[in-house]
file data14.txt (compact mmCIF, C-alpha atoms)
# COMPACT_ATOMS: atom_id res chain seq x y z
CA MET A 1 -44.91 54.23 -105.70
CA HIS A 2 -43.42 52.12 -108.43
CA ALA A 3 -40.90 54.77 -109.28
CA VAL A 4 -39.71 54.86 -105.65
CA ARG A 5 -39.07 51.07 -105.47
CA LYS A 6 -37.04 51.21 -108.65
CA ARG A 7 -34.74 53.86 -107.26
CA ARG A 8 -34.24 51.87 -104.06
CA TYR A 9 -32.76 48.87 -105.82
CA THR A 10 -30.47 50.76 -108.15
CA PRO A 11 -27.02 49.12 -107.90
CA PRO A 12 -24.11 51.18 -106.64
CA ALA A 13 -21.62 52.86 -108.89
CA GLY A 14 -18.88 50.72 -110.33
CA GLY A 15 -20.99 48.04 -111.88
CA THR A 16 -23.43 45.57 -110.64
CA ALA A 17 -21.32 42.47 -111.19
CA ALA A 18 -18.29 43.94 -109.53
CA GLY A 19 -20.27 45.01 -106.51
CA HIS A 20 -21.74 41.57 -106.11
CA ARG A 21 -18.31 39.97 -106.31
CA ALA A 22 -16.82 42.34 -103.78
CA GLY A 23 -19.67 41.74 -101.41
CA ARG A 24 -19.28 38.00 -101.73
CA ARG A 25 -15.54 38.25 -101.05
CA ARG A 26 -16.07 40.27 -97.90
CA ARG A 27 -18.73 37.93 -96.63
CA SER A 28 -16.74 34.83 -97.44
CA SER A 29 -13.63 36.24 -95.84
CA ARG A 30 -15.52 36.92 -92.63
CA ARG A 31 -16.98 33.42 -92.68
CA ARG A 32 -13.56 31.88 -93.21
CA ALA A 33 -11.93 33.95 -90.45
CA ARG A 34 -14.25 32.74 -87.69
CA PRO A 35 -13.24 29.03 -87.81
CA ARG A 36 -9.56 29.92 -87.81
CA ARG A 37 -9.93 32.06 -84.66
CA ARG A 38 -12.00 29.37 -82.95
CA GLY A 39 -9.33 26.77 -83.70
CA ARG A 40 -6.64 28.98 -82.24
CA ASN A 41 -8.59 29.43 -79.01
CA LEU A 42 -9.16 25.68 -78.65
CA LEU A 43 -5.48 24.96 -79.17
CA ALA A 44 -4.47 27.52 -76.56
CA GLY A 45 -6.89 26.02 -74.03
CA LEU A 46 -5.48 22.56 -74.61
CA LEU A 47 -1.94 23.81 -74.11
CA VAL A 48 -2.90 25.52 -70.81
CA ALA A 49 -4.61 22.33 -69.56
CA VAL A 50 -1.59 20.21 -70.47
CA GLY A 51 0.68 22.66 -68.70
CA LEU A 52 -1.41 22.58 -65.57
CA LEU A 53 -1.48 18.76 -65.55
CA GLY A 54 2.26 18.65 -65.99
CA SER A 55 2.78 21.06 -63.13
CA ALA A 56 0.57 18.99 -60.87
CA ALA A 57 2.45 15.85 -61.76
CA TYR A 58 5.74 17.58 -61.07
CA VAL A 59 4.59 18.68 -57.65
CA LEU A 60 3.36 15.17 -56.84
CA ARG A 61 6.73 13.75 -57.89
CA GLY A 62 8.47 16.00 -55.38
CA GLY A 63 9.14 19.10 -57.47
CA TRP A 64 9.27 22.56 -55.94
CA GLY A 65 10.36 21.14 -52.60
CA ASP A 66 13.46 20.19 -50.58
CA ALA A 67 13.42 16.48 -51.45
CA PRO A 68 15.31 15.43 -54.61
CA SER A 69 13.19 14.89 -57.70
CA SER A 70 14.26 11.24 -57.86
CA ALA A 71 12.57 10.46 -54.51
CA PRO A 72 9.53 8.23 -54.85
CA PRO A 73 6.18 9.81 -54.22
CA PRO A 74 5.09 9.58 -50.58
CA ARG A 75 2.89 6.67 -49.76
CA SER A 76 -0.55 7.46 -48.58
CA THR A 77 -0.94 6.46 -44.96
CA HIS A 78 -4.25 5.38 -43.63
CA VAL A 79 -4.60 6.71 -40.09
CA SER A 80 -7.11 4.78 -38.08
CA PRO A 81 -8.95 6.83 -35.51
CA THR A 82 -7.54 6.33 -32.02
CA PRO A 83 -10.06 4.33 -30.03
CA ALA A 84 -11.30 5.96 -26.91
CA PRO A 85 -9.46 4.56 -23.87
CA THR A 86 -11.39 1.98 -21.96
CA PRO A 87 -11.95 3.36 -18.49
CA THR A 88 -10.03 1.39 -15.90
CA PRO A 89 -12.45 -0.05 -13.40
CA THR A 90 -11.96 1.28 -9.93
CA PRO A 91 -10.61 -1.58 -7.80
CA PRO A 92 -12.74 -2.48 -4.85
CA PRO A 93 -11.43 -1.05 -1.61
CA SER A 94 -8.98 -3.31 0.14
CA PRO A 95 -10.41 -4.89 3.22
CA SER A 96 -9.25 -3.18 6.35
CA PRO A 97 -6.61 -5.19 8.19
CA SER A 98 -7.80 -7.02 11.22
CA PRO A 99 -7.12 -4.95 14.31
CA SER A 100 -4.35 -6.20 16.53
CA PRO A 101 -5.53 -7.87 19.72
CA SER A 102 -6.55 -5.29 22.26
CA ARG A 103 -6.47 -5.52 26.03
CA THR A 104 -10.20 -6.17 26.24
CA GLU A 105 -10.87 -8.79 23.53
CA ILE A 106 -10.34 -11.73 25.89
CA ALA A 107 -13.10 -12.24 28.42
CA VAL A 108 -12.05 -12.08 32.06
CA PRO A 109 -14.52 -14.05 34.19
CA PRO A 110 -14.25 -13.32 37.93
CA THR A 111 -13.52 -16.94 38.75
CA GLY A 112 -12.96 -20.24 36.96
CA SER A 113 -12.84 -23.99 37.34
CA GLY A 114 -9.67 -24.14 39.41
CA THR A 115 -8.21 -26.80 37.10
CA PHE A 116 -5.42 -26.23 34.57
CA VAL A 117 -4.25 -27.33 31.12
CA THR A 118 -0.48 -27.66 30.56
CA ALA A 119 0.99 -26.36 27.30
CA GLN A 120 2.39 -29.10 25.09
CA ALA A 121 5.40 -27.03 24.02
CA ASP A 122 8.97 -28.03 24.77
CA GLY A 123 11.84 -25.67 24.03
CA GLU A 124 15.60 -25.45 24.05
CA ALA A 125 17.47 -23.93 26.95
CA VAL A 126 18.23 -20.20 26.70
CA GLY A 127 20.95 -18.42 28.64
CA SER A 128 24.45 -19.52 29.64
CA GLY A 129 23.76 -20.84 33.14
CA SER A 130 24.98 -24.38 33.75
CA ARG A 131 21.63 -25.54 35.14
CA PRO A 132 18.56 -24.10 33.40
CA VAL A 133 15.39 -23.40 35.33
CA ARG A 134 12.83 -25.79 33.81
CA TYR A 135 9.31 -24.43 33.74
CA VAL A 136 5.86 -25.43 32.52
CA VAL A 137 3.04 -23.09 31.50
CA GLU A 138 -0.52 -23.85 32.63
CA VAL A 139 -3.77 -22.03 31.81
CA GLU A 140 -6.99 -22.43 33.77
CA THR A 141 -9.48 -24.46 31.77
CA GLY A 142 -12.32 -22.64 30.04
CA LEU A 143 -10.40 -19.41 29.35
CA ASP A 144 -10.00 -17.77 25.96
CA VAL A 145 -6.22 -18.11 26.19
CA SER A 146 -4.24 -20.69 24.22
CA PRO A 147 -1.77 -22.53 26.53
CA SER A 148 0.71 -23.07 23.68
CA GLN A 149 0.59 -19.42 22.58
CA ALA A 150 1.01 -18.24 26.14
CA ALA A 151 3.99 -20.60 26.55
CA ASP A 152 5.63 -19.26 23.38
CA GLU A 153 5.17 -15.66 24.51
CA ILE A 154 6.68 -16.41 27.93
CA ALA A 155 9.62 -18.22 26.31
CA ASP A 156 10.31 -15.14 24.16
CA ILE A 157 10.25 -12.93 27.25
CA LEU A 158 12.74 -15.10 29.16
CA ALA A 159 15.06 -15.29 26.13
CA ALA A 160 15.14 -11.51 25.45
CA PRO A 161 18.58 -9.81 25.54
CA ARG A 162 17.51 -7.45 28.35
CA GLY A 163 15.84 -10.26 30.29
CA TRP A 164 17.21 -12.40 33.11
CA THR A 165 19.40 -14.38 30.69
CA HIS A 166 21.68 -11.35 30.56
CA ASP A 167 22.98 -12.61 33.90
CA PRO A 168 25.45 -15.38 32.90
CA ASP A 169 24.33 -17.49 35.88
CA ASN A 170 20.78 -17.79 34.58
CA ALA A 171 19.25 -20.14 32.00
CA PHE A 172 15.67 -21.23 31.32
CA GLN A 173 13.99 -24.08 29.49
CA LEU A 174 10.32 -24.56 28.59
CA VAL A 175 9.17 -28.15 29.11
CA GLY A 176 5.87 -29.86 28.46
CA ALA A 177 3.39 -31.81 30.56
CA GLY A 178 4.86 -34.82 32.32
CA SER A 179 8.44 -33.53 32.12
CA PRO A 180 10.46 -32.79 35.28
CA HIS A 181 10.25 -29.08 36.11
CA ASP A 182 11.31 -26.58 38.74
CA ILE A 183 8.48 -24.08 38.52
CA LYS A 184 4.93 -23.69 37.21
CA ILE A 185 3.72 -20.49 35.59
CA ARG A 186 -0.06 -20.42 35.88
CA ILE A 187 -2.55 -18.01 34.30
CA ALA A 188 -5.75 -17.98 36.34
CA THR A 189 -8.93 -15.98 36.82
CA PRO A 190 -8.87 -13.34 39.59
CA GLY A 191 -10.80 -15.57 42.00
CA THR A 192 -8.56 -18.59 41.43
CA ALA A 193 -5.42 -16.41 41.61
CA ASP A 194 -6.55 -15.04 44.98
CA ALA A 195 -7.07 -18.56 46.28
CA LEU A 196 -3.67 -19.79 45.09
CA CYS A 197 -1.79 -16.74 46.44
CA TRP A 198 -3.48 -17.02 49.84
CA ALA A 199 -2.81 -20.74 50.05
CA GLY A 200 0.81 -20.32 49.00
CA ILE A 201 2.04 -17.23 50.91
CA GLN A 202 -0.97 -15.95 52.86
CA GLN A 203 -1.14 -12.88 50.62
CA ASP A 204 -4.41 -11.14 49.85
CA THR A 205 -4.17 -10.16 46.18
CA GLY A 206 -7.68 -8.64 46.12
CA GLY A 207 -8.52 -9.94 42.65
CA GLU A 208 -5.94 -7.55 41.16
CA TYR A 209 -2.38 -8.78 41.64
CA ASN A 210 -0.01 -11.59 40.74
CA CYS A 211 2.16 -13.51 43.16
CA GLU A 212 5.09 -15.91 43.48
CA VAL A 213 4.36 -19.00 45.53
CA PRO A 214 6.52 -21.98 46.47
CA GLY A 215 7.16 -23.87 43.26
CA GLY A 216 5.29 -21.50 41.03
CA VAL A 217 4.16 -18.15 39.69
CA VAL A 218 0.50 -17.11 39.62
CA VAL A 219 -0.51 -14.62 36.93
CA ASN A 220 -3.86 -12.88 37.34
CA LEU A 221 -5.79 -13.14 34.03
CA LYS A 222 -7.00 -9.56 34.49
CA ARG A 223 -3.42 -8.25 34.44
CA TRP A 224 -2.46 -10.56 31.52
CA VAL A 225 -5.32 -9.22 29.41
CA LYS A 226 -5.78 -5.59 30.51
CA GLY A 227 -2.32 -4.58 31.68
CA SER A 228 -1.96 -1.87 34.28
CA PRO A 229 -3.23 1.73 34.41
CA THR A 230 0.28 2.85 35.43
CA PHE A 231 1.99 1.17 32.45
CA ASP A 232 1.74 3.05 29.18
CA GLY A 233 2.90 0.59 26.55
CA PRO A 234 2.01 -2.49 24.49
CA ILE A 235 0.32 -5.33 26.35
CA HIS A 236 3.21 -7.67 25.47
CA ASP A 237 5.58 -5.36 27.36
CA TYR A 238 3.40 -5.44 30.43
CA ARG A 239 3.29 -9.24 30.25
CA ALA A 240 7.09 -9.12 30.17
CA LEU A 241 7.01 -7.04 33.37
CA ILE A 242 4.77 -9.66 35.04
CA ILE A 243 7.03 -12.61 34.10
CA ASN A 244 10.29 -10.79 34.85
CA HIS A 245 9.01 -9.58 38.24
CA GLU A 246 7.72 -12.97 39.40
CA MET A 247 10.67 -14.91 37.95
CA GLY A 248 12.94 -12.40 39.70
CA HIS A 249 11.41 -13.47 43.01
CA PHE A 250 12.13 -17.12 42.17
CA LEU A 251 15.76 -16.15 41.42
CA GLY A 252 16.07 -14.50 44.86
CA HIS A 253 15.43 -10.80 44.10
CA GLY A 254 13.31 -8.81 46.57
CA HIS A 255 11.19 -5.68 46.13
CA VAL A 256 12.90 -2.36 45.48
CA THR A 257 11.58 1.13 44.79
CA CYS A 258 12.32 3.94 42.31
CA GLY A 259 15.99 4.84 42.02
CA GLY A 260 15.36 8.49 41.10
CA ALA A 261 12.97 10.73 39.22
CA GLY A 262 13.11 10.18 35.47
CA ARG A 263 15.01 6.90 35.77
CA LEU A 264 13.72 3.53 34.58
CA ALA A 265 11.58 1.76 37.11
CA PRO A 266 13.14 -1.54 38.26
CA VAL A 267 11.19 -4.69 37.35
CA MET A 268 11.38 -5.68 41.06
CA MET A 269 9.42 -2.53 41.90
CA GLN A 270 5.65 -2.99 42.30
CA GLN A 271 4.94 -0.58 39.44
CA ILE A 272 1.19 -1.22 39.52
CA LYS A 273 1.10 0.57 42.88
CA GLY A 274 2.73 3.71 41.46
CA LEU A 275 5.92 4.77 39.66
CA HIS A 276 7.05 7.43 42.21
CA GLY A 277 8.78 9.53 39.54
CA CYS A 278 10.28 6.65 37.56
CA VAL A 279 9.48 5.68 33.98
CA ALA A 280 7.60 2.43 33.39
CA ASN A 281 9.96 -0.38 32.37
CA ALA A 282 9.52 -4.08 31.64
CA TRP A 283 13.12 -5.37 31.61
CA PRO A 284 15.68 -6.17 34.34
CA TYR A 285 18.54 -4.56 32.40
CA ASP A 286 18.82 -1.32 30.48
CA GLU A 287 20.14 -0.88 26.94
CA ASN A 288 23.72 -0.65 28.26
CA GLY A 289 23.40 -4.01 30.05
CA ASP A 290 23.22 -2.52 33.55
CA LEU A 291 20.79 -3.91 36.11
CA VAL A 292 17.95 -1.45 36.79
CA THR A 293 17.46 -1.34 40.54
CA GLY A 294 16.74 0.99 43.44
CA PRO A 295 16.57 1.16 47.23
CA PRO A 296 15.13 -1.98 48.82
CA VAL A 297 11.63 -1.76 50.26
call {"tool": "encode", "arguments": {"input": "data14.txt", "output": "structure tokens"}}
result
Amino acid sequence: MHAVRKRRYTPPAGGTAAGHRAGRRRRSSRRRARPRRRGRNLLAGLLVAVGLLGSAAYVLRGGWGDAPSSAPPPRSTHVSPTPAPTPTPTPPPSPSPSPSPSRTEIAVPPTGSGTFVTAQADGEAVGSGSRPVRYVVEVETGLDVSPSQAADEIADILAAPRGWTHDPDNAFQLVGAGSPHDIKIRIATPGTADALCWAGIQQDTGGEYNCEVPGGVVVNLKRWVKGSPTFDGPIHDYRALIINHEMGHFLGHGHVTCGGAGRLAPVMMQQIKGLHGCVANAWPYDENGDLVTGPPV
């Protein structure tokens, strides 16, 4: 055993000292080489990092793009989130317009007091006649009809271009209570109208019709409010027919009938009793200024 250990540690050929020195040189050279390689790797990493930082700075300064390199870096813009739109409140529905007066809104009692209220409404003369027909408007007391409003409506009818003022001999003037006048236009209940028409001209109006009496015109409230079943048009137009027909009697015009099928019915025709082929019409003159007439009755 001892002999074997001695052979194992026998130094190699070439001398013991020389072998030890060579071994030390190889080991020391390997130890010195490792730090030098590690330093080179660290330096290369630093150079790569610097290069990358420089490239990033160049890009941020505008490099590698269309803008010139001297352009300042773009400012960062803070974009606030767009607020959600506030819903617009739905407006409340507009109130429906009040319906225009119909033919049945005003009550029509069968009879009334028999006394009258005169409209306090004076007006200027209309028409070119040298002596205007002065008239007052009266409404039976207790009715749902304003005397002043009725007077204004009648004044508009008599002043219309197709009304009786188209005749240059005619003129009319609304006057108030207490003023001298030539004619009274009265609006009365059916019972009172019947009494006035019978007393004035011995005519039975049957609670349905109007009449012209000495010194006045009697308008049946039923016709003023409801119109006529034979007249297809606004209630104001039928009121124009009433006034033009009765005022025509005062001016001396008598009853006539239809002048031909399809023609305008004359205002002096009793249209409520039938049109006989004519077309309902509220005015004495047509649009051409010609008097609408027909064969006398």
call {"tool": "closest_residue", "arguments": {"input": "data14.txt", "among": "A:Leu251, A:Ile242, A:Val292, A:Ala160", "to": "Val225 in chain A", "atoms": "only C-alpha atoms"}}
result
A:Ile242
call {"tool": "residues_around", "arguments": {"input": "data14.txt", "residues": "Leu174 in chain A", "least_positions_apart": "2", "cutoff": "8 Å", "atoms": "only C-alpha atoms", "output": "number ranges by chain"}}
result
A: 121-125, 134-137, 151, 155, 172, 176
call {"tool": "atom_distance", "arguments": {"input": "data14.txt", "atom1": "CA of Val126 in chain A", "atom2": "CA of Val175 in chain A"}}
result
12.3 Å
call {"tool": "residues_around", "arguments": {"input": "data14.txt", "residues": "range 185-196 of chain A", "least_positions_apart": "3", "cutoff": "10 Å", "atoms": "all atoms listed in the file", "output": "compact mmCIF listing (two decimals) with C-alpha atoms, in the coordinates of the input"}}
result
# COMPACT_ATOMS: atom_id res chain seq x y z
CA VAL A 108 -12.05 -12.08 32.06
CA PRO A 109 -14.52 -14.05 34.19
CA PRO A 110 -14.25 -13.32 37.93
CA THR A 111 -13.52 -16.94 38.75
CA GLY A 112 -12.96 -20.24 36.96
CA SER A 113 -12.84 -23.99 37.34
CA GLY A 114 -9.67 -24.14 39.41
CA THR A 115 -8.21 -26.80 37.10
CA PHE A 116 -5.42 -26.23 34.57
CA VAL A 117 -4.25 -27.33 31.12
CA THR A 118 -0.48 -27.66 30.56
CA TYR A 135 9.31 -24.43 33.74
CA VAL A 136 5.86 -25.43 32.52
CA VAL A 137 3.04 -23.09 31.50
CA GLU A 138 -0.52 -23.85 32.63
CA VAL A 139 -3.77 -22.03 31.81
CA GLU A 140 -6.99 -22.43 33.77
CA THR A 141 -9.48 -24.46 31.77
CA LEU A 143 -10.40 -19.41 29.35
CA VAL A 145 -6.22 -18.11 26.19
CA PRO A 147 -1.77 -22.53 26.53
CA ALA A 150 1.01 -18.24 26.14
CA ALA A 151 3.99 -20.60 26.55
CA ILE A 154 6.68 -16.41 27.93
CA ALA A 199 -2.81 -20.74 50.05
CA GLY A 200 0.81 -20.32 49.00
CA ILE A 201 2.04 -17.23 50.91
CA GLN A 202 -0.97 -15.95 52.86
CA GLN A 203 -1.14 -12.88 50.62
CA ASP A 204 -4.41 -11.14 49.85
CA THR A 205 -4.17 -10.16 46.18
CA GLY A 206 -7.68 -8.64 46.12
CA GLY A 207 -8.52 -9.94 42.65
CA GLU A 208 -5.94 -7.55 41.16
CA TYR A 209 -2.38 -8.78 41.64
CA ASN A 210 -0.01 -11.59 40.74
CA CYS A 211 2.16 -13.51 43.16
CA GLU A 212 5.09 -15.91 43.48
CA VAL A 213 4.36 -19.00 45.53
CA GLY A 215 7.16 -23.87 43.26
CA GLY A 216 5.29 -21.50 41.03
CA VAL A 217 4.16 -18.15 39.69
CA VAL A 218 0.50 -17.11 39.62
CA VAL A 219 -0.51 -14.62 36.93
CA ASN A 220 -3.86 -12.88 37.34
CA LEU A 221 -5.79 -13.14 34.03
CA LYS A 222 -7.00 -9.56 34.49
CA ARG A 223 -3.42 -8.25 34.44
CA TRP A 224 -2.46 -10.56 31.52
CA ILE A 243 7.03 -12.61 34.10
CA GLU A 246 7.72 -12.97 39.40
CA MET A 247 10.67 -14.91 37.95
call {"tool": "atom_distance", "arguments": {"input": "data14.txt", "atom1": "CA of Asp144 in chain A", "atom2": "CA of His181 in chain A"}}
result
25.3 Å
call {"tool": "residues_around", "arguments": {"input": "data14.txt", "residues": "Gly254 in chain A", "least_positions_apart": "4", "cutoff": "9 Å", "atoms": "only C-alpha atoms", "output": "ChimeraX atom specification"}}
result
/A:248-249,268-269,296-297
call {"tool": "atom_distance", "arguments": {"input": "data14.txt", "atom1": "CA of Gln149 in chain A", "atom2": "CA of Ala119 in chain A"}}
result
8.4 Å
call {"tool": "closest_residue", "arguments": {"input": "data14.txt", "among": "A:Val279, A:His236, A:Asn170, A:Asp286", "to": "Gly259 in chain A", "atoms": "only C-alpha atoms"}}
result
A:Val279
call {"tool": "residues_around", "arguments": {"input": "data14.txt", "residues": "range 265-267 of chain A", "least_positions_apart": "2", "cutoff": "8 Å", "atoms": "all atoms listed in the file", "output": "number ranges by chain"}}
result
A: 241, 244-245, 256-259, 263, 269-271, 275, 278-284, 292-294
